[in-house]
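Student: Pasting a structure below so you can have a look.
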Amino acid sequence: MALGDLMASRFSQSSVTVVSNHYDDYQEDSDLFSQRRDSETATTSSYVNATSATPTSMVYLPQTVVLGELRHEAFEVSTPTGPSDSGLVSKWRPKDRMKTGCVALVLCLNISVDPPDVIKISPCARMECWIDPFSMAPPKALETIGKNLRDQYERWQPRARYKVELDPTVDEVKKLCTTCRRHAKSERVLYHYNGHGVPKPTPNGEIWLFNKSYTQYIPLPICDLDSWLKTPSIYVFDCSAAGVIVNAFIELNGWGASNYGSARDCILLAACEAHETLPQSDEFPADVFTSCLTTPIKMALRWFCTRSLLRESLDYSLIDKIPGRQNDRKTLLGELNWIFTAVTDTIAWNVLPHDLFQRLFRQDLLVASLFRNFLLAERIMRSANCSPISHPVLPPTHQHHMWDAWDMAAEICLSQLPSLIEDPNAEFQPSPFFTEQLTAFEVWLDHGSEHKKPPEQLPIVLQVLLSQCHRFRALFLLVKFLDMGPWAVDLALSVGIFPYVLKLLQTTTPELRQLLVFIWTKILALDKSCQVDLVKDLGHTYFLRFLDSMETYPERAMAAFVLAVIVDGHRRGQEACIEAGLIHLCLKHLQGSVLPNDAQSEPLFLQWLCLCLGKLWEDFTEAQMIGLQADALTIFSPLLSEPQPEVRASAVFALGTLLDVGFDSSRDGVGGDEEFDDGEKIRAEISIIRSLLSVVSDGSPLVRAEVAVALARFAFGHKQHLKSIAAAYWKPQSSSLLNSLPSLANIKGVGGGNIISSQKGPLTRVGNDSLVVRRDGKASTSSPLATPGILHGSPLSDDSSQHSDSGILNDGVSNGVVNNSRPKLPDNAMYSECVLAMCSLAKDPSPRIASLGRRVLSIIGIEQVTKAVKSIGGSVRPGEPSTSSPTPSFAGLARSSSWFDMNGGHLPLTFRTPPVSPPRQSYLTGMRRVCSLELRPPLMNSPDSGLADPLLGSVSGISERSLLPQSTIYNWSCGHFSKPLLSAADNSEEIVARREERDKFALEHIAKCQHSTVSKLNNDNQIANWDTKFETGTKAALLQPFSPIVIAADENERIRVWNYEEATLLNGFDNHEFPEKGISKLCLLNELDDSMLLVASYDGNVRVWKDYTMRGKQKLVTAFSSIQGHKPGVRSLNAVVDWQQQSGYLYASGEISSIMLWDLEKEQLVSSIPSSSDCTVSALAASQVHGSQLAAGFVDGSVRLYDFRTPENLVRAMQPHNQRVVGIGFQPGLEPGKIVSASQAGDIQFLDIRSYRDTYLTIDAHRGSLTALAVHRHAPIIASGSAKQLIKVFSLEGEQLGTIRYYTNFMAQKIGSVSCLTFHPYQVLLAAGAADACVSIYADDHSQTR
């Protein structure tokens, strides 16, 4: 897209607020405009047509908001963490799944003989396992009851071994228990004891059995039983006073009453408390507890029948005839069982602590069933004044309101029973239970939040996933719930959703695909450990198919994310995805996205395709080879210029992972290496490095951080060769060494052209683009990578260091490859560019990237040294260290630490370098070689060892690889999926309301400004005066539009924020730690929203701060170098910048022959426009009304107007001044092309590009001493300041409205010259800063009265 189209599309998209009362004036003006058109040049006339035809694009209040993305939240301070694979989040996972392997059923019924301590009522409860023992001969009855009990248990756990002992002796029980334990091994054993035919347990907790002849009851101590069965075990005691046994167990094992997390995995269920006897009413079976535990539906319905409104029409016998099977949900019995499971699960999940719920309801199928049914037993038996108990103890649940929902569902089902039995073909109507519960969940979703009670229907949603008819709705609601945040995902996992959604990946239903991809995205964003389960169950193929489908779903990015997590650090996952063709699939999508005729892929999708490939290639040589053979490098190249920084950073990450670090211990030279020889590998490496170097100066810190990490990988693999290049730079320049240096003559800037092999033999650094070495040993280069002053090394003075340096140099430059060092790239120029790129990163304006850059340099043996002197003759600011060395007396010496130290200092050993000669004071920061190689222990003197080698032998288990700087883009990008994706942020209404209020304020004040007549502005109009206490005077100032705040900055890049109404200092902070030339400009970004402070330094670095008015809370949002490709030998860039909110563009220029256009939304250099002048730009002004216009003033006094919608960009060039242009600005109002400029000579010129004359009005404001110019954005007023302590204010007609003199103060000192002037954007307020550190604010009479 051409730049003009780009601008046009930008303006057509942005919504605008127009002030209508000026439109008519503008139309009249354009008529005048057309009368004079004949005398204009063709360029200008076509430009005029363009501007007059589009009045609506000329607006006051831009709607563009920049730098408000997730990536700007806290890039500098936070190190993002990706999905966790351990710790807190994995608590939802049952520690270890268990199975009950053996079931021992012991029945002591002694039918027809009542125990001596029981007096039975008449009629009395008689049924055992739904059989009347007196309906047949006692031995037959006993056998039938035993068989029935076994069948009842088998329904819950069909795979267990069952052993039944009927009226046994102690020896038989001992044999039974030991046999069960032997068979079960480490699985759980269930021991069921029915003691209805023996006395109650003894007070010591002994249970009764029989002797062989059934003449005596024999006691069995609980400790014996416990020693035979061991753990894990579960006991069911169905007898009177069963609580005595539980108490005996608790005493035996020393458990606390509520100690459910005891070391011994032993679970107890007992029919009643120690003082209670079992219910004898014939309403119940005799084994009511066992019946509740093993036949809950029958028991629940029989109990409910007598209490239901249907009791007249229902007969008990009908309950036994309920049609269907328990495991078939489409039948009446199956539906009842399903509802019962959902209700009991829900009660348990809402009442129990989560870890206890996990242990009892999710670990073992049989235990879970028994505990669900135990809740029913509690409800039914409490109605008969009997309280079943358990260990672990459960809270009471018999009155939970979900039982009402069960009663309702049971009643609805039972009402159909008579008709279904009469007509077997009659159709069964499903219960509305699940539909109603999903509606309740939906209501909760509308009003619930993290801080409210969790939705109690969650276990029911889980149950509903089993049913096809409700599944879509359940998944849809689940998606909405999981989107509420990680807490919701954790709740859903803890309720047991995982196996359900894993199983659903086997379905092929098309309408569920997007929902399932979303759900898995949320799960994996919280807990990465699920990757193992997915690969084991072949779940990855589901997401590969989704990615491969033709439809362009918005969830494709999520599928790519899921696959990226599957391959993240998981070799089995990587192998499975390679087999399934993931690499080619991702590359196919990436290739399709860059085709011009293709519909544009969404950036998030591209980002995750890159990250997925990067994670697949990471430390996996086989995958890297497949990628390189599939031409990945060609496909990735265009992605480095994508508009979204996240996409560019992800593409850099993927390219970086293709660089083989050369330290892969798992590789033994097989697997793909044969077909991919060293030559191809080297070509690939060169291609990757070329691509990386093209984005080393990207506008986004996110991208540069990834470049630094990738260069660190390259440096690690090639440190020997890079060290030799670096060593050559930082040596004292002797002629012999100069001849042996690698050539830099072929560097033609980054990114373009092939690498030409340097010739062997003696070389010198010459040529028009080469690195120039001047007589004083300083080096400068034309490469955009080398920021000024970066190569100013301090010569090393001591012999040992020279010796060690030259030793490395000879190793590296010799033709033979040293030991097991990497094969050398064919051209040294590539290494030279890399070293310059590393230096550039080490001096990055973003502190985080600068520290990454320094770590990269330390790999190749260079350390940065910070000098003590801040500026020549300037004193050090309070609170700053006065020296960079450990003791003040050695100001010139630098402490050197190893690469290990830089990594965070968690290794016990460090080593120091010999002292270095003191550096020259004029360089503020320099680089020097680290000469620690002489200090290495002699045993480890291997030629290939890097800086950290001496430590490798002494620190066990720490691999050198682990110390490389780690990429953060993947972890950072994962954070996106943890946030709500379906709903907007809650505070959006607030933001809109504040924006509307500010728009209203701005429009009212703009109208007042336009119609105001400024009568005068002089010393009497001063409303505030502030001593900033800047030692070097005020360099730049800025007035905030919506609060009485002035921001000022000085030459040492100290920024102070002051409230001029309350006369209080709000905040003060350093723009950065190593100020060089001071601040050239302060601008406000997003002034109508949450404003940010853009601070531009003279060295071209731009930093953007938010929360800058809060003391100590300021945060760096982004930082980049706005000027690139400057001429060789330039000591200072004298950068000038201006910001245009309407287009979102930052314009920058300086000692370069072009004007840089930065799009801050994309954080990208959009264009570099030739300034069409031999001189450099000294002043820039972007129109705040016409979003595409820019005026530039030059050192030679010329002025140019640019409009970036026109193909030529340059609209008109004029020469109104003879000396350097100091200030320039667009005149207030909507007229295009009216400019005010002022030169050093003191003349102010009013220009109109529509006129054939250069100027139509000249004011001689100051004689030869003009230092500052300010033009109000909306009021017809300008101000100029001079070196003679004078400010003059003029109207647009040239009439002088006032003079402000700086009087000498009472100490009779001269006050410095006026250094900066700025107007309030919407009021007639003028702030003036001077070289004496005072900032004064003046208001016209109207503003003061207002």
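Each chain in the structure tokens gets a letter, A, B, ..., in the order shown, and its residues are numbered from 1; ligands are numbered from 1 in order too.
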List the spatial neighbours of range 585-588 of chain A as a PyMOL selection string - criterion: any atom at most 9 Å away, only C-alpha atoms, same-chain residues fewer than 3 positions off excluded.
Tutor: chain A and resi 544+547-548+560+581-582+591-593+609-610+612-613+627+630-632+635-636
Student: Keeping only all heavy atoms, write those residues as a short mmCIF file (atom, residue, chain, number, x, y, z; two decimals), in the first residue's frame.
Tutor:
data_model
loop_
_atom_site.label_atom_id
_atom_site.label_comp_id
_atom_site.auth_asym_id
_atom_site.auth_seq_id
_atom_site.Cartn_x
_atom_site.Cartn_y
_atom_site.Cartn_z
N LEU A 544 -5.61 -30.24 15.00
CA LEU A 544 -5.00 -30.19 13.67
C LEU A 544 -6.08 -30.18 12.59
O LEU A 544 -5.99 -29.43 11.61
CB LEU A 544 -4.07 -31.40 13.48
CG LEU A 544 -2.67 -31.22 14.06
CD1 LEU A 544 -2.03 -32.55 14.37
CD2 LEU A 544 -1.79 -30.44 13.09
N LEU A 547 -7.68 -26.82 12.49
CA LEU A 547 -6.80 -25.84 11.85
C LEU A 547 -6.80 -26.03 10.33
O LEU A 547 -6.65 -25.06 9.57
CB LEU A 547 -5.37 -26.05 12.40
CG LEU A 547 -4.44 -24.86 12.47
CD1 LEU A 547 -5.06 -23.74 13.27
CD2 LEU A 547 -3.12 -25.26 13.10
N ASP A 548 -6.99 -27.26 9.92
CA ASP A 548 -6.90 -27.58 8.51
C ASP A 548 -8.23 -27.34 7.79
O ASP A 548 -8.29 -27.41 6.56
CB ASP A 548 -6.48 -29.05 8.35
CG ASP A 548 -5.88 -29.32 6.99
OD1 ASP A 548 -5.49 -28.34 6.31
OD2 ASP A 548 -5.79 -30.50 6.60
N ALA A 560 -4.34 -22.99 17.25
CA ALA A 560 -2.87 -22.87 17.14
C ALA A 560 -2.24 -22.76 18.52
O ALA A 560 -1.18 -23.31 18.79
CB ALA A 560 -2.51 -21.67 16.28
N GLY A 581 1.91 -33.69 10.60
CA GLY A 581 2.09 -32.66 9.56
C GLY A 581 1.81 -31.24 10.02
O GLY A 581 1.40 -30.39 9.22
N LEU A 582 2.06 -30.94 11.30
CA LEU A 582 1.76 -29.59 11.82
C LEU A 582 2.63 -28.51 11.15
O LEU A 582 2.16 -27.42 10.86
CB LEU A 582 1.97 -29.57 13.34
CG LEU A 582 1.76 -28.22 14.03
CD1 LEU A 582 0.34 -27.70 13.78
CD2 LEU A 582 1.99 -28.32 15.54
N GLN A 591 1.83 -18.77 4.67
CA GLN A 591 2.08 -18.40 3.28
C GLN A 591 0.82 -17.77 2.68
O GLN A 591 0.89 -16.76 1.98
CB GLN A 591 2.46 -19.66 2.49
CG GLN A 591 3.22 -19.36 1.22
CD GLN A 591 3.85 -20.63 0.66
OE1 GLN A 591 3.53 -21.74 1.09
NE2 GLN A 591 4.75 -20.49 -0.28
N GLY A 592 -0.32 -18.35 3.01
CA GLY A 592 -1.58 -17.82 2.50
C GLY A 592 -1.86 -16.42 3.02
O GLY A 592 -2.45 -15.59 2.33
N SER A 593 -1.39 -16.11 4.23
CA SER A 593 -1.71 -14.81 4.83
C SER A 593 -0.98 -13.67 4.17
O SER A 593 -1.42 -12.52 4.21
CB SER A 593 -1.34 -14.83 6.31
OG SER A 593 0.05 -14.75 6.46
N LEU A 609 0.44 -19.01 15.00
CA LEU A 609 1.09 -19.94 14.05
C LEU A 609 2.60 -19.85 14.22
O LEU A 609 3.31 -20.87 14.25
CB LEU A 609 0.69 -19.60 12.61
CG LEU A 609 -0.74 -19.95 12.19
CD1 LEU A 609 -1.04 -19.36 10.83
CD2 LEU A 609 -0.95 -21.46 12.17
N CYS A 610 3.10 -18.62 14.33
CA CYS A 610 4.56 -18.42 14.52
C CYS A 610 5.02 -19.03 15.84
O CYS A 610 6.04 -19.73 15.89
CB CYS A 610 4.91 -16.93 14.51
SG CYS A 610 4.64 -16.12 12.94
N CYS A 612 3.62 -21.34 17.59
CA CYS A 612 3.47 -22.79 17.56
C CYS A 612 4.67 -23.42 16.85
O CYS A 612 5.26 -24.39 17.34
CB CYS A 612 2.16 -23.14 16.84
SG CYS A 612 1.82 -24.89 16.79
N LEU A 613 5.05 -22.84 15.71
CA LEU A 613 6.22 -23.37 14.99
C LEU A 613 7.49 -23.19 15.83
O LEU A 613 8.33 -24.08 15.90
CB LEU A 613 6.37 -22.65 13.65
CG LEU A 613 5.40 -23.13 12.56
CD1 LEU A 613 5.50 -22.24 11.34
CD2 LEU A 613 5.69 -24.58 12.18
N GLY A 627 11.49 -27.80 8.90
CA GLY A 627 11.09 -26.41 8.67
C GLY A 627 11.95 -25.75 7.60
O GLY A 627 11.43 -25.10 6.68
N ALA A 630 11.20 -26.99 4.22
CA ALA A 630 9.89 -26.53 3.72
C ALA A 630 9.92 -25.04 3.39
O ALA A 630 8.87 -24.41 3.25
CB ALA A 630 8.83 -26.82 4.76
N ASP A 631 11.13 -24.46 3.33
CA ASP A 631 11.30 -23.06 2.93
C ASP A 631 10.67 -22.09 3.94
O ASP A 631 10.07 -21.08 3.57
CB ASP A 631 10.69 -22.83 1.54
CG ASP A 631 11.34 -21.63 0.85
OD1 ASP A 631 12.44 -21.23 1.29
OD2 ASP A 631 10.75 -21.09 -0.10
N ALA A 632 10.82 -22.43 5.21
CA ALA A 632 10.22 -21.59 6.25
C ALA A 632 10.78 -20.17 6.22
O ALA A 632 10.06 -19.19 6.46
CB ALA A 632 10.48 -22.21 7.62
N ILE A 635 9.04 -17.90 3.87
CA ILE A 635 7.66 -17.62 4.32
C ILE A 635 7.67 -16.63 5.48
O ILE A 635 6.78 -15.78 5.60
CB ILE A 635 6.98 -18.95 4.71
CG1 ILE A 635 6.81 -19.83 3.47
CG2 ILE A 635 5.63 -18.71 5.38
CD1 ILE A 635 6.41 -21.27 3.75
N PHE A 636 8.70 -16.70 6.33
CA PHE A 636 8.73 -15.84 7.51
C PHE A 636 9.16 -14.41 7.21
O PHE A 636 8.80 -13.49 7.93
CB PHE A 636 9.64 -16.44 8.59
CG PHE A 636 8.91 -17.33 9.55
CD1 PHE A 636 8.79 -18.68 9.32
CD2 PHE A 636 8.29 -16.79 10.66
CE1 PHE A 636 8.08 -19.50 10.19
CE2 PHE A 636 7.59 -17.60 11.55
CZ PHE A 636 7.48 -18.95 11.31
#
Student: Give me, as a PDB file with C-alpha atoms, in the first residue's frame, all polymer residues having an atom no more than 8 Å from range 1085-1095 of chain A, counting only C-alpha atoms and skipping those fewer than 2 positions away in the same chain.
Tutor:
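Output file around-v7.pdb follows:
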ATOM      1  CA  THR A  64      -7.202   7.694  17.650  1.00  0.00           C
ATOM      2  CA  VAL A  65      -5.827   6.160  20.844  1.00  0.00           C
ATOM      3  CA  VAL A  66      -2.342   4.638  20.723  1.00  0.00           C
ATOM      4  CA  ILE A 991     -14.068   5.726  29.982  1.00  0.00           C
ATOM      5  CA  ARG A 994     -14.943  10.808  30.779  1.00  0.00           C
ATOM      6  CA  ARG A 995     -14.137  11.101  27.108  1.00  0.00           C
ATOM      7  CA  ARG A 998     -13.443  16.121  27.898  1.00  0.00           C
ATOM      8  CA  ASP A 999     -14.731  16.498  24.348  1.00  0.00           C
ATOM      9  CA  PRO A1041      -5.105  20.255  28.875  1.00  0.00           C
ATOM     10  CA  ASN A1071      13.944   9.789  31.806  1.00  0.00           C
ATOM     11  CA  ILE A1079      15.344  16.527  26.065  1.00  0.00           C
ATOM     12  CA  SER A1080      14.245  18.125  22.820  1.00  0.00           C
ATOM     13  CA  LYS A1081      10.482  17.770  23.080  1.00  0.00           C
ATOM     14  CA  LEU A1082       7.637  16.788  25.404  1.00  0.00           C
ATOM     15  CA  CYS A1083       4.309  15.733  23.838  1.00  0.00           C
ATOM     16  CA  SER A1097      15.792  13.179  23.657  1.00  0.00           C
ATOM     17  CA  VAL A1102      11.812   8.375  22.372  1.00  0.00           C
ATOM     18  CA  ARG A1103      10.303   7.140  25.620  1.00  0.00           C
ATOM     19  CA  VAL A1104       6.618   7.114  26.530  1.00  0.00           C
ATOM     20  CA  TRP A1105       5.520   7.217  30.179  1.00  0.00           C
ATOM     21  CA  LYS A1106       2.149   6.622  31.787  1.00  0.00           C
ATOM     22  CA  ASP A1107       0.994   7.500  35.334  1.00  0.00           C
ATOM     23  CA  TYR A1108       3.655  10.213  35.196  1.00  0.00           C
ATOM     24  CA  TRP A1139       3.442  14.088  17.347  1.00  0.00           C
ATOM     25  CA  GLN A1141      -2.653  12.479  17.374  1.00  0.00           C
TER      26      GLN A1141
END
Student: Assign secondary structure with DSSP using the backbone only, and return the residues of range 352-483 of chain A in alpha helix (DSSP H) as number ranges by chain.
Tutor: A: 354-361, 365-382, 402-415, 417-422, 433-447, 458-464, 468-482
Student: Once you have the residues from the selection above, write them out as an mmCIF file, in the first residue's frame, restricted to C-alpha atoms.
Tutor:
data_model
loop_
_atom_site.group_PDB
_atom_site.id
_atom_site.type_symbol
_atom_site.label_atom_id
_atom_site.label_comp_id
_atom_site.auth_asym_id
_atom_site.auth_seq_id
_atom_site.Cartn_x
_atom_site.Cartn_y
_atom_site.Cartn_z
ATOM 1 C CA HIS A 354 -12.708 -29.006 47.593
ATOM 2 C CA ASP A 355 -9.841 -31.332 48.491
ATOM 3 C CA LEU A 356 -12.211 -33.639 50.408
ATOM 4 C CA PHE A 357 -14.631 -33.591 47.468
ATOM 5 C CA GLN A 358 -11.734 -34.588 45.185
ATOM 6 C CA ARG A 359 -10.757 -37.462 47.444
ATOM 7 C CA LEU A 360 -14.231 -38.913 48.042
ATOM 8 C CA PHE A 361 -16.053 -38.118 44.795
ATOM 9 C CA LEU A 365 -15.631 -44.817 41.250
ATOM 10 C CA LEU A 366 -16.997 -47.157 43.935
ATOM 11 C CA VAL A 367 -16.160 -44.793 46.790
ATOM 12 C CA ALA A 368 -17.803 -41.920 44.885
ATOM 13 C CA SER A 369 -20.983 -43.954 44.354
ATOM 14 C CA LEU A 370 -21.130 -45.039 47.999
ATOM 15 C CA PHE A 371 -20.707 -41.466 49.224
ATOM 16 C CA ARG A 372 -23.375 -40.140 46.850
ATOM 17 C CA ASN A 373 -25.706 -42.797 48.207
ATOM 18 C CA PHE A 374 -24.564 -42.067 51.765
ATOM 19 C CA LEU A 375 -26.067 -38.574 51.353
ATOM 20 C CA LEU A 376 -29.416 -40.280 50.626
ATOM 21 C CA ALA A 377 -28.970 -42.565 53.661
ATOM 22 C CA GLU A 378 -28.480 -39.522 55.840
ATOM 23 C CA ARG A 379 -31.656 -37.934 54.503
ATOM 24 C CA ILE A 380 -33.835 -41.056 54.899
ATOM 25 C CA MET A 381 -32.472 -42.365 58.215
ATOM 26 C CA ARG A 382 -32.542 -38.970 59.901
ATOM 27 C CA MET A 402 -31.326 -29.600 46.032
ATOM 28 C CA TRP A 403 -33.325 -32.453 47.615
ATOM 29 C CA ASP A 404 -36.447 -30.449 46.718
ATOM 30 C CA ALA A 405 -35.351 -30.478 43.079
ATOM 31 C CA TRP A 406 -34.903 -34.257 43.329
ATOM 32 C CA ASP A 407 -38.383 -34.688 44.859
ATOM 33 C CA MET A 408 -39.888 -32.598 42.057
ATOM 34 C CA ALA A 409 -38.078 -34.588 39.336
ATOM 35 C CA ALA A 410 -38.995 -37.892 41.014
ATOM 36 C CA GLU A 411 -42.639 -36.876 41.193
ATOM 37 C CA ILE A 412 -42.732 -35.891 37.502
ATOM 38 C CA CYS A 413 -41.182 -39.221 36.514
ATOM 39 C CA LEU A 414 -43.415 -41.262 38.827
ATOM 40 C CA SER A 415 -46.541 -39.562 37.470
ATOM 41 C CA LEU A 417 -45.225 -44.646 35.652
ATOM 42 C CA PRO A 418 -48.747 -46.156 35.549
ATOM 43 C CA SER A 419 -49.278 -45.256 31.882
ATOM 44 C CA LEU A 420 -45.828 -46.550 30.891
ATOM 45 C CA ILE A 421 -46.467 -49.909 32.616
ATOM 46 C CA GLU A 422 -49.936 -50.220 31.017
ATOM 47 C CA PHE A 433 -34.839 -31.001 35.503
ATOM 48 C CA PHE A 434 -31.705 -30.462 33.408
ATOM 49 C CA THR A 435 -33.213 -27.682 31.281
ATOM 50 C CA GLU A 436 -34.263 -25.818 34.431
ATOM 51 C CA GLN A 437 -30.856 -26.271 36.067
ATOM 52 C CA LEU A 438 -29.096 -24.952 32.932
ATOM 53 C CA THR A 439 -31.393 -21.924 33.041
ATOM 54 C CA ALA A 440 -30.422 -21.367 36.680
ATOM 55 C CA PHE A 441 -26.763 -21.556 35.659
ATOM 56 C CA GLU A 442 -27.415 -19.042 32.878
ATOM 57 C CA VAL A 443 -28.988 -16.642 35.390
ATOM 58 C CA TRP A 444 -25.927 -17.015 37.611
ATOM 59 C CA LEU A 445 -23.677 -16.195 34.646
ATOM 60 C CA ASP A 446 -25.505 -12.896 34.160
ATOM 61 C CA HIS A 447 -25.013 -11.786 37.762
ATOM 62 C CA LEU A 458 -21.602 -26.637 37.940
ATOM 63 C CA PRO A 459 -21.673 -30.420 38.626
ATOM 64 C CA ILE A 460 -25.013 -30.602 36.814
ATOM 65 C CA VAL A 461 -23.524 -28.869 33.753
ATOM 66 C CA LEU A 462 -20.935 -31.623 33.858
ATOM 67 C CA GLN A 463 -23.599 -34.350 33.921
ATOM 68 C CA VAL A 464 -25.430 -32.699 31.044
ATOM 69 C CA GLN A 468 -26.576 -35.162 23.231
ATOM 70 C CA CYS A 469 -29.802 -33.185 23.497
ATOM 71 C CA HIS A 470 -28.435 -30.759 26.110
ATOM 72 C CA ARG A 471 -24.750 -30.866 25.125
ATOM 73 C CA PHE A 472 -24.551 -27.816 22.862
ATOM 74 C CA ARG A 473 -26.264 -25.532 25.358
ATOM 75 C CA ALA A 474 -24.187 -26.886 28.246
ATOM 76 C CA LEU A 475 -20.930 -26.336 26.342
ATOM 77 C CA PHE A 476 -22.009 -22.847 25.330
ATOM 78 C CA LEU A 477 -22.740 -21.897 28.965
ATOM 79 C CA LEU A 478 -19.519 -23.553 30.069
ATOM 80 C CA VAL A 479 -17.618 -21.400 27.557
ATOM 81 C CA LYS A 480 -19.180 -18.267 29.071
ATOM 82 C CA PHE A 481 -18.278 -19.460 32.566
ATOM 83 C CA LEU A 482 -14.644 -20.366 31.758
#
Student: Which neighbours of Ala559 in chain A fall inside 7 Å, counting only C-alpha atoms, when residues of the same chain fewer than 3 positions from it are skipped, and could you give them as a list in words?
Tutor: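 Once the adjacent positions are removed, what remains is Val517, Phe543, Leu547, Glu555, Arg556, Val562 and Leu563 of chain A.
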Student: Excluding Ala1179 in chain A and residues on its chain fewer than 3 positions from it, collect all residues at most 7 Å away from it, counting only C-alpha atoms, and give them as a PyMOL selection string.
Tutor: chain A and resi 1136+1192-1194+1221-1224
Student: Would you list, as a ChimeraX atom specification, the residues of range 1117-1176 of chain A that end up in strand (DSSP E or B) under DSSP run on this structure's backbone?
Tutor: /A:1117-1121,1136-1140,1145-1149,1154-1159,1164-1170
Student: Quick one: residues within 9 Å of Gly485 in chain A, only C-alpha atoms counted, chain neighbours fewer than 6 positions away excluded, as a PyMOL selection string?
Tutor: chain A and resi 450+522+978-980
Student: Store the residues of this selection in a file with all heavy atoms, as an mmCIF file, in the first residue's frame.
Tutor:
data_model
loop_
_atom_site.group_PDB
_atom_site.id
_atom_site.type_symbol
_atom_site.label_atom_id
_atom_site.label_comp_id
_atom_site.auth_asym_id
_atom_site.auth_seq_id
_atom_site.Cartn_x
_atom_site.Cartn_y
_atom_site.Cartn_z
ATOM 1 N N GLU A 450 -16.345 -13.587 40.469
ATOM 2 C CA GLU A 450 -15.354 -14.303 41.285
ATOM 3 C C GLU A 450 -15.614 -14.108 42.778
ATOM 4 O O GLU A 450 -15.333 -14.973 43.592
ATOM 5 C CB GLU A 450 -13.955 -13.784 40.916
ATOM 6 C CG GLU A 450 -12.843 -14.482 41.658
ATOM 7 C CD GLU A 450 -11.464 -13.988 41.243
ATOM 8 O OE1 GLU A 450 -11.375 -13.076 40.398
ATOM 9 O OE2 GLU A 450 -10.484 -14.510 41.777
ATOM 10 N N LYS A 522 -8.953 -22.376 27.216
ATOM 11 C CA LYS A 522 -9.021 -21.868 28.592
ATOM 12 C C LYS A 522 -8.328 -22.818 29.574
ATOM 13 O O LYS A 522 -7.638 -22.399 30.499
ATOM 14 C CB LYS A 522 -10.486 -21.656 28.999
ATOM 15 C CG LYS A 522 -11.127 -20.444 28.346
ATOM 16 C CD LYS A 522 -10.467 -19.169 28.842
ATOM 17 C CE LYS A 522 -11.058 -17.914 28.282
ATOM 18 N NZ LYS A 522 -10.339 -16.713 28.754
ATOM 19 N N SER A 978 -5.882 -16.061 29.087
ATOM 20 C CA SER A 978 -6.364 -16.158 30.468
ATOM 21 C C SER A 978 -7.373 -15.056 30.764
ATOM 22 O O SER A 978 -8.105 -15.123 31.733
ATOM 23 C CB SER A 978 -5.187 -16.013 31.446
ATOM 24 O OG SER A 978 -4.263 -17.017 31.202
ATOM 25 N N LYS A 979 -7.369 -14.023 29.937
ATOM 26 C CA LYS A 979 -8.259 -12.884 30.177
ATOM 27 C C LYS A 979 -9.624 -13.156 29.529
ATOM 28 O O LYS A 979 -9.718 -13.957 28.624
ATOM 29 C CB LYS A 979 -7.646 -11.614 29.590
ATOM 30 C CG LYS A 979 -6.357 -11.244 30.297
ATOM 31 C CD LYS A 979 -5.847 -9.894 29.848
ATOM 32 C CE LYS A 979 -4.813 -9.335 30.804
ATOM 33 N NZ LYS A 979 -3.796 -10.298 31.218
ATOM 34 N N PRO A 980 -10.682 -12.447 29.998
ATOM 35 C CA PRO A 980 -11.990 -12.622 29.350
ATOM 36 C C PRO A 980 -11.915 -12.249 27.870
ATOM 37 O O PRO A 980 -11.392 -11.199 27.508
ATOM 38 C CB PRO A 980 -12.897 -11.643 30.115
ATOM 39 C CG PRO A 980 -12.236 -11.477 31.438
ATOM 40 C CD PRO A 980 -10.758 -11.568 31.174
#
Student: Could you pull the residues within 7 Å of Pro221 in chain A, counting only C-alpha atoms, minus those fewer than 2 positions along the same chain, as number ranges by chain?
Tutor: A: 205-207, 219, 223-225
Student: I'd like the interatomic distance between CA of Asn1025 in chain A and CA of Tyr1060 in chain A, to a tenth of an Å.
Tutor: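 Rounded to one decimal, the two atoms are 7.9 Å apart.
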